[in-house]
Amino acid sequence: MGNPRNKCALQPGHSLMDWIRLGNSGKDLTGVGGRIRPVSPRELAAHHTKNDAWLAIRGRVYNITHYLPFHPGGQEELMRGAGMDATQLFDKVHPWVNYDSLLAKCLVGPLCADRPDADELFGAPDPAPKPDRLREPSKAQELVRKSMENLANCITPVRKKISAKSEDNVKTANPSKIMQSLIMSSDLPVSISRRAGSSPVRSKSTSGDDTPSPLRFDWIQTSVKLTLSLYTGALANPGACARLAGGALLVEVATNGWLRVLTVEPEAKLKGPLQIKVYAESGKVEVTAQKASPSIWKDIGPATALPATRVTAPRALPCRLRAFAPVSHDTALLTLEPEPGPVAVPLGHHVKIHCLVNGEECVRSYTPVGEGWSPPGEGEAGGAGGGIRLAVKRYAEGGLSHHLTTLAVDDVITMSGPYGGFQLQKLRGVTTLQLVAAGTGVTPMLALLRFTLARSNPRCEKVNLLFFNKKEEDILFREKFDEIAKADSRFKPTYILSEPSPSWTGHSGRITTDLITEVLGKDSTKCEDSCEHFACLCGPTEFTNAGVQMLTALGMRENCMHAFMG
Ligand code: HEM
């Protein structure tokens, strides 16, 4: 497959630091004036020479012309991806490389299939630009840009001081010493190192199972923290937890019924709080730990990636209640912090809460709501890793939900999981997502909604939410939904009430095929040979079953739907 693992000697003046300096010099590295605009595959293909080379990775087109002499794998290797979507090639060689930040200043724009050439489309100024997150740098890109600027700002004065004597001194000065003193005083990423497990290709075990290979990972450090990145594969939808045990950092990652464990015995002492973040699109799990004392490590320390084992039973963990914020007249958002360390629940999966209520064990399922759904003013409370946020409704008849809403901050309860059969890979080519929910059944939809709208390849075109409730005041997260819809015309929430007040002007009644057809449109529910739509349903069992039957009657196939069942 042409995957030589040879790093090339770079010409003097072409180190990573030189690249960062060039990026901060103000030079236009995009070649198109820095204005982000869509690029068609045809336009991309036209930029394939060393003097004018573009490539696309995960739906973003970068001008790599200036980066070519800085590429550690050599110009020829990088040119193999020129003029095309190089995502697969890139992932085959080095999925751990942070291309997004390295090429942040080279971003031309999103790769848009089925669109006229950018020149045709954007020849004239766009009178009303559509909201598109690619028009603005993402938060991550902005952060990286800031770090790069900081780094460059730190370095420039030193360089000037030396160059006052002779320009040659710059080359002979020991950059690592200069860097060392600068870096120790700041929290900047200073080194990236690859420590792969075995090949990403799945290996067949002797028992004939499709056993995944041990986890591949790399790490990055600043003087005060260490971040491990573990790679599970695109849309693998990992669940993960991390903890410090006897001085070692332990990360457990579960995908598709398999558990893989990575243990690191760090070079120096690590401390909490640990943080965990999962990038759903790439399947990357990032675990960050704090260094007990600021220093730059030469190496991370011995690391062991154990072979995969089958998940036999869900884990039960004690969790501390960190925050409690009302989100409606009868529902609150509880933030739980697992005591051993942060936990990430796969998208569309749920956990169970176990409590003793009046001497009896009560169990109830909840789908964590993910980030971005806290009520205004509450922030994303919850300590390490943001915690697990559950929307808990207080039912009049009591039971577990009622009990949970009577807990106090710092109380400890038991959570088990994750559970669920939702496969994120089913959304691979989906451009229209239909979300059909009733009451608290909306919780699995929240993270899916944010995930789908944020995707750039394929870029989603439409997300409909059909949200059934009794009364207007029961509509959970309505302000958030309306806010998202206002900012992004691809999202359309429709609220349907079964007990509307006389002043309600929206839809009323229960779920029917007529209503589904009216709101979603006939074409969005009928399956063709290659469908780009998907429907998710969640609510009381009768509601969900009725919804599935109706969508089936409207022509939607089973593999284009997922019914969440607690
Ligand atoms: C898509 C076409 C590309 C090919 C065929 C390619 C090939 C290679 C090869 C063969 C190596 C040396 C082997 C190794 O160290 O693992 C390498 C290293 C590297 N490449 Fe690329 N590359 C490509 C794109 C890119 C892009 C877009 C970037 C980011 C801007 C990039 C950044 C790097 C970096 C930072 C290294 C050093 C990796 C390390 O030390 O682990 N490459 N590349």
# chains A, B, ... in the order shown; residues from 1 in each chain; ligands from 1
call {"tool": "residues_near_ligand", "arguments": {"ligand": "ligand 1", "cutoff": "10 Å", "atoms": "only C-alpha atoms and all ligand atoms", "output": "MDAnalysis selection string"}}
result
chainID A and resid 2:8 16 54:57 62:64 67:68 70:82 84:104 106 192:196 218
call {"tool": "residues_around", "arguments": {"residues": "Ile388 of chain A", "least_positions_apart": "6", "cutoff": "10 Å", "atoms": "only C-alpha atoms", "output": "PyMOL selection string"}}
result
chain A and resi 319+321-322+333-338+342-345+351+367-371+381-382
call {"tool": "residues_around", "arguments": {"residues": "Leu274 of chain A", "least_positions_apart": "4", "cutoff": "10 Å", "atoms": "only C-alpha atoms", "output": "PyMOL selection string"}}
result
chain A and resi 225-227+241-244+249+270+287-290+340-343+383-385
call {"tool": "residues_around", "arguments": {"residues": "Glu252 of chain A", "least_positions_apart": "5", "cutoff": "9 Å", "atoms": "only C-alpha atoms", "output": "list in words"}}
result
Gly239, Ala240, Cys241, Ala242, Arg243, Leu259, Arg260, Val261, Leu262 and Thr263 of chain A
call {"tool": "write_last_selection", "arguments": {"atoms": "C-alpha atoms", "output": "CSV table (one decimal), in the first residue's frame"}}
result
chain,number,residue,atom,x,y,z
A,239,GLY,CA,-16.9,4.4,25.6
A,240,ALA,CA,-13.9,5.1,27.8
A,241,CYS,CA,-12.8,5.7,31.4
A,242,ALA,CA,-9.5,6.8,32.9
A,243,ARG,CA,-8.0,6.6,36.4
A,259,LEU,CA,-12.5,-3.8,25.9
A,260,ARG,CA,-8.9,-2.6,25.4
A,261,VAL,CA,-6.7,-1.3,28.2
A,262,LEU,CA,-3.7,0.9,28.1
A,263,THR,CA,-1.5,1.3,31.2
call {"tool": "residues_around", "arguments": {"residues": "Arg490 of chain A", "least_positions_apart": "2", "cutoff": "6 Å", "atoms": "only C-alpha atoms", "output": "NGL selection string"}}
result
:A and (461-462 or 488)
call {"tool": "write_last_selection", "arguments": {"atoms": "C-alpha atoms", "output": "JSON list (two decimals), in the first residue's frame"}}
result
[["chain", "number", "residue", "atom", "x", "y", "z"],
["A", 461, "GLU", "CA", -28.34, 19.06, 4.86],
["A", 462, "LYS", "CA", -31.33, 18.67, 7.14],
["A", 488, "ASP", "CA", -28.47, 27.03, 11.60]]
call {"tool": "closest_residue", "arguments": {"among": "A:Ala303, A:Val61, A:Ala245, A:Ala292", "to": "Leu228 of chain A", "atoms": "only C-alpha atoms"}}
result
A:Ala303
call {"tool": "atom_distance", "arguments": {"atom1": "atom CA of Asp52 of chain A", "atom2": "atom CA of Arg455 of chain A"}}
result
27.6 Å
call {"tool": "residues_around", "arguments": {"residues": "Cys527 of chain A", "least_positions_apart": "4", "cutoff": "6 Å", "atoms": "only C-alpha atoms", "output": "JSON, numbers by chain"}}
result
{"A": [531, 555, 556]}
call {"tool": "select_by_dssp", "arguments": {"residues": "segment 201-416 of chain A", "states": "alpha helix (DSSP H)", "output": "JSON, numbers by chain"}}
result
{"A": [399, 400, 401, 402, 403, 404]}
call {"tool": "closest_residue", "arguments": {"among": "A:Lys352, A:Ala236, A:Gly387, A:Glu499", "to": "Ile276 of chain A", "atoms": "only C-alpha atoms"}}
result
A:Gly387
call {"tool": "atom_distance", "arguments": {"atom1": "atom CA of Pro214 of chain A", "atom2": "atom CA of Ala254 of chain A"}}
result
11.6 Å
call {"tool": "closest_residue", "arguments": {"among": "A:Leu215, A:Asp210, A:Thr443, A:Arg310", "to": "Trp258 of chain A", "atoms": "only C-alpha atoms"}}
result
A:Arg310
call {"tool": "atom_distance", "arguments": {"atom1": "atom CA of Gly109 of chain A", "atom2": "atom CA of Asn457 of chain A"}}
result
12.3 Å
call {"tool": "closest_residue", "arguments": {"among": "A:Leu22, A:Leu446, A:Ala53, A:Leu250", "to": "Glu265 of chain A", "atoms": "only C-alpha atoms"}}
result
A:Leu250
call {"tool": "select_by_dssp", "arguments": {"residues": "segment 192-361 of chain A", "states": "strand (DSSP E or B)", "output": "ChimeraX atom specification"}}
result
/A:192-195,216-221,225-231,239-245,248-255,258-264,270-279,284-291,303-305,309-310,315-326,331-338,343-344,350-357,360-361
